[in-house]
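Note sheet for the following structure.
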Amino acid sequence: MKTFFGSLLGSFLGGIIGLVIIFFIMIGMLAGLMKSIKTKADVKHIYNNSVLEIRLDHVISERTAEAPFHFDFDDNTPARETAGLDDIIACIRHAATDAKIKGIYLNLGDIPAGTSTIQTIRKELQDFKTSSGGKFIIAYAIGYSQKSYYLASVADKIYLYPEGEIFLKGLSVEMMFYKRALDKLGIQIQVFRHGRFKSFVEPYILDKMSPDNRVQLRGLITSLWGDMLSDIADSRHLTVHDLNLMADSLSISSAKEALKYKLVDSLLYPDQIKAEFKTSGPVLVGDKKDNGGNETNYVSLNEYRQSFNTYKTTATKIAVVYANGDIIEGEGDDETIGATRISRAIRDARLDADVKAIVLRVNSPGGDGIASDIIWREVDLAKKEKPVIVSMGDYAASGGYYISCAASEIVAEPTTITGSIGVFGLLPNAKGLLEDKLGITTDTVSTNTHSSAPSISYPLETKEAKVLQSAIENFYHTFLTRVSNGRNMTVANVDSIGQGRVWSGTQARKIGLVDTLGSLKVAINIAAKKANISDYSIEELPHQMNPFHKLMSNFGTEAGQAFMKEIFGIAYKPIEDIAKLQNTKGVQARMLYDLNIQ
């Protein structure tokens, strides 16, 4: 009876909690619907003499994700920006020819995005300056990070808070190594790899960078830094030599020093920026009836994107297939490259007679080897029927390069991280942890000599290790062959630039891994030219997942990760990295999870 009432009470409480959750979800959905309707009504008209305000304080995804609902009841508080790279570019491009937009205000801080993403936005802003007929770009920040200053340097005027700073210091890569921690836990990581530069495994087997890894990373960040400084120097009428001297001497230690060395044009407080908009250009005072014509009309990316439609509807199409995230087997989602889902998208585009060319947008550090090969197969089949152009984002490395190499042409940003042609496999041996630390023993019954292999409860025997290493060697040879055939290079040549080494887009173009330097727009233009079409519409594939379904399916996982990050802070990274070992089953074509370039 006690158990019965306990179960009854538990079910009752569970039901109440469930109803409460459903209630808040419904309230959120209703609020989101009302907000959506209200927002569309508010932004159906952009007032004259408006300024497009660009804030990039959010994670910038390849495509803007649709939110299932918003908990936003305060009309006086600006909604948090959610624009993906696609909408950011669309807004800048449309603003160039929109008579109601008088200029762009870059309201900057730190930007949580890769260098290639920032470079893409910067190039679009550069195009805005040359095609907008004299419209201005003004940048302002309380303090500039190196990435945000790189973006701000494209502006006509750069302003800084009087007590702010620009910490110009150069780039570095910091890695954490877990070998000593694993040794203390009694865990040995058994490694099988081909590629002396394949550094993914190093944190688990070394306590510092190998000489080969140090060489490749120094070459990579030197190339990235050189591209950034070259762009800054051109925009600010400085020299790369002078900028490097500033970085080496840490001479930009205050806002006054930044002004002295001409990195900024003036030191202003936020209220002075508003006055600057009224006096530093053509008519900048808005005509909005409810502000009396005394305030500038600031339009956010979210608002502005809802005010225009650039999507054409024509029979002739170019399909842009977005492959974003780790490569895995199965369906995946909008943040992972599921082999089944992406292959289906490429196949649908190949079989669609209205699609005359395909652009594969790759932003991936790689992942599962077999999943990469499945996607490669569809790219190879598609190329035989219509042009397939790859556009590389922040990363297109290892498996990301594997799925790219069969394309008709490859386009990358100068700061794209690519290459990493190499493979590996990892198998933990936790016998020391289980027996010596925890007092847990294991015993097995098998039908054959090696039935229980591989296992985490004992080290591999020599013959078992040879079999696994052989699988790595065979897949590496397959990888070399795929690249050799796709890039019209000899296997020996691919091997000489392979071995797991990462390259910047600039470096990759010089050694033949990339054809052209440029953005997604450049790749689309190349696709249209190769398909001999001039009037076409863009079809984005795969279609984004239902946002509510996505939220609910990831609710537990994302909530758990957020909780762990909140509790452990910076100490969460090693926990996360070690936990990710469970996703490295089988042959892996993957570069480092997080190449922490600062």
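By order in the structure tokens, chains are A, B, ...; within a chain, residues start at 1; ligands start at 1, following the order shown.
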
Residues of range 428-539 of chain A within 12 Å of range 356-363 of chain A: nearest atom pair and distance (Å, one decimal) for each, counting only C-alpha atoms, sorted by chain and number, as a tab-separated table?
```
residue	atom	partner	partner_atom	distance
A:Ser519	CA	A:Arg361	CA	10.0
A:Leu520	CA	A:Arg361	CA	7.4
A:Lys521	CA	A:Val359	CA	10.1
A:Val522	CA	A:Val359	CA	10.5
A:Ala523	CA	A:Val359	CA	6.9
A:Ile524	CA	A:Val359	CA	6.5
A:Asn525	CA	A:Val359	CA	9.9
A:Ile526	CA	A:Val359	CA	9.4
A:Ala527	CA	A:Ala357	CA	5.9
A:Ala528	CA	A:Ala357	CA	7.0
A:Lys529	CA	A:Ala357	CA	9.6
A:Lys530	CA	A:Ala357	CA	8.0
A:Ala531	CA	A:Lys356	CA	6.0
A:Asn532	CA	A:Lys356	CA	8.8
A:Ile533	CA	A:Lys356	CA	8.1
A:Ser534	CA	A:Lys356	CA	11.1
A:Asp535	CA	A:Lys356	CA	11.2
A:Tyr536	CA	A:Lys356	CA	9.0
A:Ser537	CA	A:Lys356	CA	10.4
A:Ile538	CA	A:Ile358	CA	9.8
A:Glu539	CA	A:Ile358	CA	9.5
```

Item to complete: From range 184-405 of chain A, collect each residue whose DSSP state is helix (DSSP H, G or I) and return the set as a PyMOL selection string.
Response: chain A and resi 184-185+199-205+211-236+240-249+255-260+270-279+289-291+301-305+339-351+369-383+399-402

Can you write out as JSON lines which residues of range 292-332 of chain A fall within 12 Å of range 91-109 of chain A, alongside each residue's closest atom pair and its distance in Å to one decimal, counting only C-alpha atoms and ordering rows by chain and ascending residue number?
```
{"residue": "A:Thr296", "atom": "CA", "partner": "A:Lys102", "partner_atom": "CA", "distance": 10.4}
{"residue": "A:Asn297", "atom": "CA", "partner": "A:Ile101", "partner_atom": "CA", "distance": 9.5}
{"residue": "A:Tyr298", "atom": "CA", "partner": "A:Tyr105", "partner_atom": "CA", "distance": 8.6}
{"residue": "A:Val299", "atom": "CA", "partner": "A:Ile101", "partner_atom": "CA", "distance": 9.0}
{"residue": "A:Ser300", "atom": "CA", "partner": "A:Cys91", "partner_atom": "CA", "distance": 9.7}
{"residue": "A:Leu301", "atom": "CA", "partner": "A:Cys91", "partner_atom": "CA", "distance": 6.8}
{"residue": "A:Asn302", "atom": "CA", "partner": "A:Cys91", "partner_atom": "CA", "distance": 9.2}
{"residue": "A:Glu303", "atom": "CA", "partner": "A:Cys91", "partner_atom": "CA", "distance": 9.9}
{"residue": "A:Tyr304", "atom": "CA", "partner": "A:Cys91", "partner_atom": "CA", "distance": 6.8}
{"residue": "A:Arg305", "atom": "CA", "partner": "A:Cys91", "partner_atom": "CA", "distance": 6.0}
{"residue": "A:Gln306", "atom": "CA", "partner": "A:Cys91", "partner_atom": "CA", "distance": 9.7}
{"residue": "A:Ser307", "atom": "CA", "partner": "A:Cys91", "partner_atom": "CA", "distance": 9.7}
{"residue": "A:Phe308", "atom": "CA", "partner": "A:His94", "partner_atom": "CA", "distance": 8.2}
{"residue": "A:Asn309", "atom": "CA", "partner": "A:His94", "partner_atom": "CA", "distance": 9.4}
{"residue": "A:Thr310", "atom": "CA", "partner": "A:His94", "partner_atom": "CA", "distance": 8.2}
{"residue": "A:Tyr311", "atom": "CA", "partner": "A:His94", "partner_atom": "CA", "distance": 11.8}
```

Worksheet item: Residues of range 91-275 of chain A in strand (DSSP E or B) according to DSSP, as a PyMOL selection string?
Response: chain A and resi 101-108+136-141+144+157-160+166+173+188-194+266-267

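Proximity ranking of A:Ile511, A:Ala371, A:Ala430, A:Ala589 relative to Tyr476 in chain A places A:Ala589 first, based on only C-alpha atoms.
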
Worksheet item: What lies within 6 Å of range 378-389 of chain A using only C-alpha atoms, ignoring chain neighbours under 6 positions off, as an MDAnalysis selection string?
Response: chainID A and resid 343 350 357:359 406:410

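Neighbours of Tyr261 in chain A closer than or equal to 10 Å, with only C-alpha atoms counted and sequence neighbours fewer than 4 positions away skipped, come out as Leu238, Asp242, Leu243, Met246, Ser251, Ile252, Lys256, Glu257 and Asp265 of chain A.
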
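Atom pair CA of Glu81 in chain A / CA of Leu56 in chain A: separated by 7.6 Å.
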
Skipping near chain neighbours, those fewer than 6 positions away, what residues fall within 10 Å of Glu335 in chain A using only C-alpha atoms, listed as a PDB file with C-alpha atoms, in the first residue's frame?
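What ended up in selection_30.pdb:
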```pdb
ATOM      1  CA  SER A  61      25.873  30.149 -37.831  1.00  0.00           C
ATOM      2  CA  GLU A  62      25.937  29.525 -41.572  1.00  0.00           C
ATOM      3  CA  ALA A 323      27.343  20.921 -44.758  1.00  0.00           C
ATOM      4  CA  ASN A 324      28.051  22.332 -41.316  1.00  0.00           C
ATOM      5  CA  GLY A 325      29.613  20.692 -38.240  1.00  0.00           C
ATOM      6  CA  ASP A 326      31.116  17.315 -37.374  1.00  0.00           C
ATOM      7  CA  ILE A 327      30.634  14.551 -39.934  1.00  0.00           C
ATOM      8  CA  SER A 364      33.585  21.267 -40.935  1.00  0.00           C
TER       9      SER A 364
END
```

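Of the residues under consideration (A:Val51, A:Leu513, A:Leu168, A:Leu595), A:Val51 shows the shortest atom-to-atom contact distance to Phe277 in chain A when counting only C-alpha atoms.
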
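Closest to Tyr140 in chain A among A:Tyr159, A:Phe167, A:Phe177, A:Trp376 is A:Tyr159, based on only C-alpha atoms.
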
Practice prompt. Rank nothing, just name the residue among A:Met228, A:Ser420, A:Thr449, A:Ile121 nearest to Asn213 in chain A, using only C-alpha atoms.
Written response: A:Ser420

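Of the listed residues (A:Arg180, A:Ala65, A:His45, A:Gln272), A:Ala65 comes nearest to Asn546 in chain A; the distances count only C-alpha atoms.
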
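The smallest atom-to-atom distance between Thr415 in chain A and any of A:Lys260, A:Lys312, A:Arg80, A:Arg509, using only C-alpha atoms, is found for A:Arg509.
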